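Undergrad: I'd like to ask some things about the structure below.
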Amino acid sequence: MIKHKVFLTLFLSLSAVCGLFAAKPAPAAKKAASLPPAAVLGGVTAADMPYDVGGAVLLRWAVNPSDTPATTYTVYASSLQAGGWVEAESFASTAKTGKDIDLPFWAWDGSASEHAVKIELTNFFGEIKDGDVFHFKVAALENGKLVAESLPLDASTTSNWFRLDRLNNVVMLLLVTIVFFWAVSHAKRKGLFIRRIAGLDAIDEAIGRATEMGKPIYYVPGIGDMTMVSTIASTFILGEVAKKVAQYDTTIKVPHYNPVVMTVSKEVVKQAFLEAGRPDSFREDINQFISSDQFSYAASVDGMISREKPAACFFMGYFMAESLLLAEVGATTGAIQIAGTDSESQLPFFFTACDYTLIGEELYAAGAYLSKDPMLQSALKAQDFGKLVVMISVALGVILTAVGALMKWGAFTQTIADLFKAY
């Protein structure tokens with residue numbers, strides 16, 4: 001009986017000791033329960049991104065001076081009233097400030113003392129309509145652990161009808177428009193000066209030579225289509241050449257690579273003969289479709305030139321590898337050759353084989369130069385004014401930017417850059 005009591009006493013003593021060890025985690029649990037919750041990140045605002053086509057929201061909040069290199073921010077977005085959060089942006093505490101928003105100084109007053117984050121909602125929620133409401137929150141993390149979080153914010157997007165950030169482009173457009181109308185008025189009253197272009201002055205000589213020799217003139221408009229600027233310029237020149245041909249009662253032939261260009265050229269030549277007072281001299285076979293294959297076209301035209309030995313050949317428009325094939329054959333016949341193209345790679349061949357060559361924009365200016373039309377001359381002058389403004393702006397911008405960099409005027413340098421940015 002005494003043994004049983006001894007065993008019972010030992011058992012109760014061991015149970016008490018085990019109970020003491022089992023109760024030790026209680027203080028740790030109490031400590032965990034006493035940890036503070038994540039702080040509220042205040043001062044966060046959400047609004048429509050200004051001066052855009054819609055679909056973007058701008059979030060802003062002050063930079064926290066106590067942030068460390070280990071601090072990061074994560075922006076969440078949702079299209080639902082509750083839940084459904086999507087991580088839209090994550091960045092270090094030293095990034096995404098007001099200075100990083102790509103807007104000029106007259107449309108945005110950004111500061112390095114605030115965070116500014118542009119969220120493109122279309123990247124996460126697809127097509128968005130004006131007025132659609134979205135929800136946002138910002139979380140601050142330290143070494144990956146949440147330390148602060150903003151309350152949910154609401155914002156909707158709107159497409160803006162005026163892009164204030166492109167005001168510099170509007171000002172330039174207005175200046176060029178004013179110059180254009182001034183040039184039109186001046187051209188109608190006194191005319192406008194255009195520098196002499198030798199190749200265009202030689203057109204009368206070439207047509208006169210063909211008339212004296214009783215030989216045809218070949219006008220090759222190249223292999224471009226009607227969407228190309230060089231082909232459009234070529235049709236302008238063709239109209240003026242055809243008008244002089246009608247006046248001199250000379251034969252002209254225009255072989256074509258593109259059927260659409262042929263149709264347009266036919267109407268241009270017909271109108272030129274009508275304006276010259278010689279509609280009876282116009283023939284439908286002046287414009288001929290040859291081939292839409294580059295080298296078949298070149299071979300056919302070479303054969304026509306070799307057989308008929310024209311007195312003058314015009315190569316105006318867009319050319320590629322066929323340029324030398326055409327110009328070389330024309331040179332062997334002794335014809336006066338006048339070429340013009342904006343294809344830089346083909347200019348050396350025309351320089352070598354032709355008597356006169358229009359370089360680049362001389363081809364575009366030819367229509368105004370030959371016709372003396374006030375509207376065309378005014379457009380040419382407006383383009384020249386635009387180029388002059390750009391050249392002066394580039395030179396002045398380089399000088400001012402260099403001065404700003406030497407003097408360490410960062411804000412001044414950025415202001416100069418904003419003035420000439422396309423946005």
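Labels for the structure tokens follow display order: chains A, B, ..., residues from 1 in each chain, ligands from 1.
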Name the residues in contact with A:Glu205 at a cut-off of 12 Å, using only C-alpha atoms, excluding same-chain residues fewer than 4 positions from it; report them as a ChimeraX atom specification.

TA: /A:198-201,209-212,241,244-245,248,311-312,335-338,355-356

Undergrad: Find the spatial neighbours of stretch 125-129 of chain A, counting only C-alpha atoms, within a cut-off of 8 Å - ignore same-chain residues fewer than 6 positions away - and output them as a list in words.

TA: Gly55, Ser79 and Thr157 of chain A

Undergrad: Nearest to A:Ile286 among A:His256, A:Lys190, A:Arg307, A:Lys145, with distances taken over only C-alpha atoms: which residue is it?

TA: A:His256

Undergrad: Mind checking which residues fall within 12 Å of A:Phe180, counting only C-alpha atoms, ignoring those fewer than 6 positions away in the same chain, and posting them as an NGL selection string?

TA: :A and (173-174 or 186-187 or 374-386)

Undergrad: Give the helix (DSSP H, G or I) residues of stretch 49-270 of chain A, as assigned by DSSP on the backbone, as an NGL selection string.

TA: :A and (98-100 or 122-125 or 164-189 or 198-213 or 229-248 or 259-270)

Undergrad: Using only C-alpha atoms, which residues sit within 10 Å of stretch 227-239 of chain A once same-chain residues fewer than 5 positions away are excluded, as a VMD selection string?

TA: chain A and resid 200 219 to 222 244 to 245 254 261 to 262 264 to 273 314 to 319 340 to 343 360 to 371

Undergrad: To test your reading of the structure, identify every residue in stretch 132-302 of chain A that backbone DSSP assigns to strand (DSSP E), and report it as a PDB file with N, CA and C atoms, in the first residue's frame.

TA:
ATOM      1  N   VAL A 133     -14.887  53.428 -62.843  1.00  0.00           N
ATOM      2  CA  VAL A 133     -14.246  53.666 -61.550  1.00  0.00           C
ATOM      3  C   VAL A 133     -13.356  52.477 -61.185  1.00  0.00           C
ATOM      4  N   PHE A 134     -12.146  52.786 -60.714  1.00  0.00           N
ATOM      5  CA  PHE A 134     -11.210  51.756 -60.278  1.00  0.00           C
ATOM      6  C   PHE A 134     -10.723  52.103 -58.867  1.00  0.00           C
ATOM      7  N   HIS A 135     -10.189  51.099 -58.195  1.00  0.00           N
ATOM      8  CA  HIS A 135      -9.795  51.235 -56.801  1.00  0.00           C
ATOM      9  C   HIS A 135      -8.300  50.953 -56.675  1.00  0.00           C
ATOM     10  N   PHE A 136      -7.650  51.688 -55.765  1.00  0.00           N
ATOM     11  CA  PHE A 136      -6.201  51.604 -55.636  1.00  0.00           C
ATOM     12  C   PHE A 136      -5.796  51.614 -54.163  1.00  0.00           C
ATOM     13  N   LYS A 137      -4.645  51.036 -53.896  1.00  0.00           N
ATOM     14  CA  LYS A 137      -4.022  51.162 -52.585  1.00  0.00           C
ATOM     15  C   LYS A 137      -2.518  51.017 -52.763  1.00  0.00           C
ATOM     16  N   VAL A 138      -1.784  51.630 -51.841  1.00  0.00           N
ATOM     17  CA  VAL A 138      -0.325  51.626 -51.889  1.00  0.00           C
ATOM     18  C   VAL A 138       0.204  50.984 -50.620  1.00  0.00           C
ATOM     19  N   ALA A 139       1.141  50.069 -50.753  1.00  0.00           N
ATOM     20  CA  ALA A 139       1.746  49.378 -49.612  1.00  0.00           C
ATOM     21  C   ALA A 139       3.232  49.693 -49.561  1.00  0.00           C
ATOM     22  N   ALA A 140       3.720  50.042 -48.353  1.00  0.00           N
ATOM     23  CA  ALA A 140       5.156  50.257 -48.126  1.00  0.00           C
ATOM     24  C   ALA A 140       5.736  49.037 -47.439  1.00  0.00           C
ATOM     25  N   LEU A 141       6.846  48.529 -47.964  1.00  0.00           N
ATOM     26  CA  LEU A 141       7.464  47.325 -47.421  1.00  0.00           C
ATOM     27  C   LEU A 141       8.908  47.597 -47.044  1.00  0.00           C
ATOM     28  N   GLU A 142       9.349  46.980 -45.960  1.00  0.00           N
ATOM     29  CA  GLU A 142      10.733  47.084 -45.506  1.00  0.00           C
ATOM     30  C   GLU A 142      11.318  45.680 -45.490  1.00  0.00           C
ATOM     31  N   LYS A 145       8.694  43.083 -45.815  1.00  0.00           N
ATOM     32  CA  LYS A 145       7.643  43.024 -44.800  1.00  0.00           C
ATOM     33  C   LYS A 145       6.803  44.283 -44.833  1.00  0.00           C
ATOM     34  N   LEU A 146       5.497  44.124 -44.762  1.00  0.00           N
ATOM     35  CA  LEU A 146       4.568  45.245 -44.805  1.00  0.00           C
ATOM     36  C   LEU A 146       4.725  46.115 -43.562  1.00  0.00           C
ATOM     37  N   VAL A 147       4.963  47.420 -43.784  1.00  0.00           N
ATOM     38  CA  VAL A 147       5.087  48.349 -42.656  1.00  0.00           C
ATOM     39  C   VAL A 147       4.014  49.438 -42.684  1.00  0.00           C
ATOM     40  N   ALA A 148       3.461  49.716 -43.849  1.00  0.00           N
ATOM     41  CA  ALA A 148       2.410  50.740 -43.954  1.00  0.00           C
ATOM     42  C   ALA A 148       1.578  50.471 -45.194  1.00  0.00           C
ATOM     43  N   GLU A 149       0.312  50.845 -45.128  1.00  0.00           N
ATOM     44  CA  GLU A 149      -0.593  50.641 -46.255  1.00  0.00           C
ATOM     45  C   GLU A 149      -1.636  51.756 -46.263  1.00  0.00           C
ATOM     46  N   LEU A 153      -8.473  53.829 -52.422  1.00  0.00           N
ATOM     47  CA  LEU A 153      -8.809  55.077 -53.097  1.00  0.00           C
ATOM     48  C   LEU A 153      -9.575  54.775 -54.368  1.00  0.00           C
ATOM     49  N   ASP A 154     -10.456  55.678 -54.763  1.00  0.00           N
ATOM     50  CA  ASP A 154     -11.228  55.525 -55.993  1.00  0.00           C
ATOM     51  C   ASP A 154     -10.806  56.594 -56.996  1.00  0.00           C
ATOM     52  N   ALA A 155     -10.791  56.232 -58.287  1.00  0.00           N
ATOM     53  CA  ALA A 155     -10.486  57.192 -59.350  1.00  0.00           C
ATOM     54  C   ALA A 155     -11.063  56.668 -60.655  1.00  0.00           C
ATOM     55  N   SER A 156     -11.443  57.595 -61.529  1.00  0.00           N
ATOM     56  CA  SER A 156     -11.946  57.235 -62.857  1.00  0.00           C
ATOM     57  C   SER A 156     -11.086  57.919 -63.911  1.00  0.00           C
ATOM     58  N   ILE A 217      10.525  62.753-127.303  1.00  0.00           N
ATOM     59  CA  ILE A 217      11.024  62.946-125.938  1.00  0.00           C
ATOM     60  C   ILE A 217      10.503  61.791-125.100  1.00  0.00           C
ATOM     61  N   TYR A 218      11.372  61.204-124.296  1.00  0.00           N
ATOM     62  CA  TYR A 218      10.949  60.141-123.388  1.00  0.00           C
ATOM     63  C   TYR A 218      10.935  60.679-121.951  1.00  0.00           C
ATOM     64  N   TYR A 219       9.807  60.466-121.301  1.00  0.00           N
ATOM     65  CA  TYR A 219       9.672  60.872-119.896  1.00  0.00           C
ATOM     66  C   TYR A 219       9.408  59.610-119.086  1.00  0.00           C
ATOM     67  N   VAL A 220      10.359  59.216-118.214  1.00  0.00           N
ATOM     68  CA  VAL A 220      10.252  57.992-117.413  1.00  0.00           C
ATOM     69  C   VAL A 220       9.940  58.389-115.972  1.00  0.00           C
ATOM     70  N   PRO A 221       8.745  58.065-115.459  1.00  0.00           N
ATOM     71  CA  PRO A 221       8.351  58.504-114.108  1.00  0.00           C
ATOM     72  C   PRO A 221       8.808  57.585-112.972  1.00  0.00           C
ATOM     73  N   GLY A 222       9.686  56.618-113.281  1.00  0.00           N
ATOM     74  CA  GLY A 222      10.200  55.736-112.236  1.00  0.00           C
ATOM     75  C   GLY A 222       9.279  54.568-111.929  1.00  0.00           C
ATOM     76  N   ILE A 252       5.957  63.248-127.356  1.00  0.00           N
ATOM     77  CA  ILE A 252       6.415  62.793-126.053  1.00  0.00           C
ATOM     78  C   ILE A 252       5.857  61.408-125.781  1.00  0.00           C
ATOM     79  N   LYS A 253       6.645  60.560-125.166  1.00  0.00           N
ATOM     80  CA  LYS A 253       6.216  59.214-124.807  1.00  0.00           C
ATOM     81  C   LYS A 253       6.531  58.973-123.328  1.00  0.00           C
ATOM     82  N   VAL A 254       5.555  58.397-122.624  1.00  0.00           N
ATOM     83  CA  VAL A 254       5.699  58.176-121.189  1.00  0.00           C
ATOM     84  C   VAL A 254       5.443  56.698-120.886  1.00  0.00           C
ATOM     85  N   PRO A 255       6.494  55.875-120.794  1.00  0.00           N
ATOM     86  CA  PRO A 255       6.318  54.451-120.457  1.00  0.00           C
ATOM     87  C   PRO A 255       6.138  54.271-118.953  1.00  0.00           C
ATOM     88  N   HIS A 256       5.196  53.399-118.549  1.00  0.00           N
ATOM     89  CA  HIS A 256       4.836  53.280-117.133  1.00  0.00           C
ATOM     90  C   HIS A 256       5.096  51.888-116.579  1.00  0.00           C
ATOM     91  N   ASN A 287       0.860  57.851-123.043  1.00  0.00           N
ATOM     92  CA  ASN A 287       1.139  57.070-121.839  1.00  0.00           C
ATOM     93  C   ASN A 287       0.933  55.592-122.141  1.00  0.00           C
ATOM     94  N   GLN A 288       1.964  54.792-121.925  1.00  0.00           N
ATOM     95  CA  GLN A 288       1.910  53.363-122.225  1.00  0.00           C
ATOM     96  C   GLN A 288       2.291  52.554-120.987  1.00  0.00           C
ATOM     97  N   PHE A 289       1.498  51.521-120.728  1.00  0.00           N
ATOM     98  CA  PHE A 289       1.860  50.602-119.647  1.00  0.00           C
ATOM     99  C   PHE A 289       2.792  49.541-120.222  1.00  0.00           C
TER     100      PHE A 289
END

Undergrad: Which residue, A:Val57, A:Leu167, A:Ile223, A:Ala116, has the smallest gap to A:Asp293 when you use only C-alpha atoms?

TA: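 When distances to A:Asp293 are compared using only C-alpha atoms, the smallest one comes from A:Ile223.
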
Undergrad: Can you work out the spacing between atom CA of A:Glu120 and atom CA of A:Ala95 in Å, to one decimal?

TA: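 The value is 17.5 Å.
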
Undergrad: If you count only C-alpha atoms, which residues fall within 6 Å of A:Leu58, apart from same-chain ones fewer than 3 positions away, as an MDAnalysis selection string?

TA: chainID A and resid 46:49 117:118

Undergrad: Would you output that residue set with C-alpha atoms, as an mmCIF file, in the first residue's frame?

TA:
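What follows is the written file again34.cif:
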data_model
loop_
_atom_site.group_PDB
_atom_site.id
_atom_site.type_symbol
_atom_site.label_atom_id
_atom_site.label_comp_id
_atom_site.auth_asym_id
_atom_site.auth_seq_id
_atom_site.Cartn_x
_atom_site.Cartn_y
_atom_site.Cartn_z
ATOM 1 C CA ALA A 46 -5.482 59.130 -57.127
ATOM 2 C CA ALA A 47 -6.735 61.097 -60.144
ATOM 3 C CA ASP A 48 -7.048 60.837 -63.902
ATOM 4 C CA MET A 49 -3.735 61.188 -65.734
ATOM 5 C CA VAL A 117 3.140 56.835 -60.405
ATOM 6 C CA LYS A 118 1.314 56.529 -63.716
#
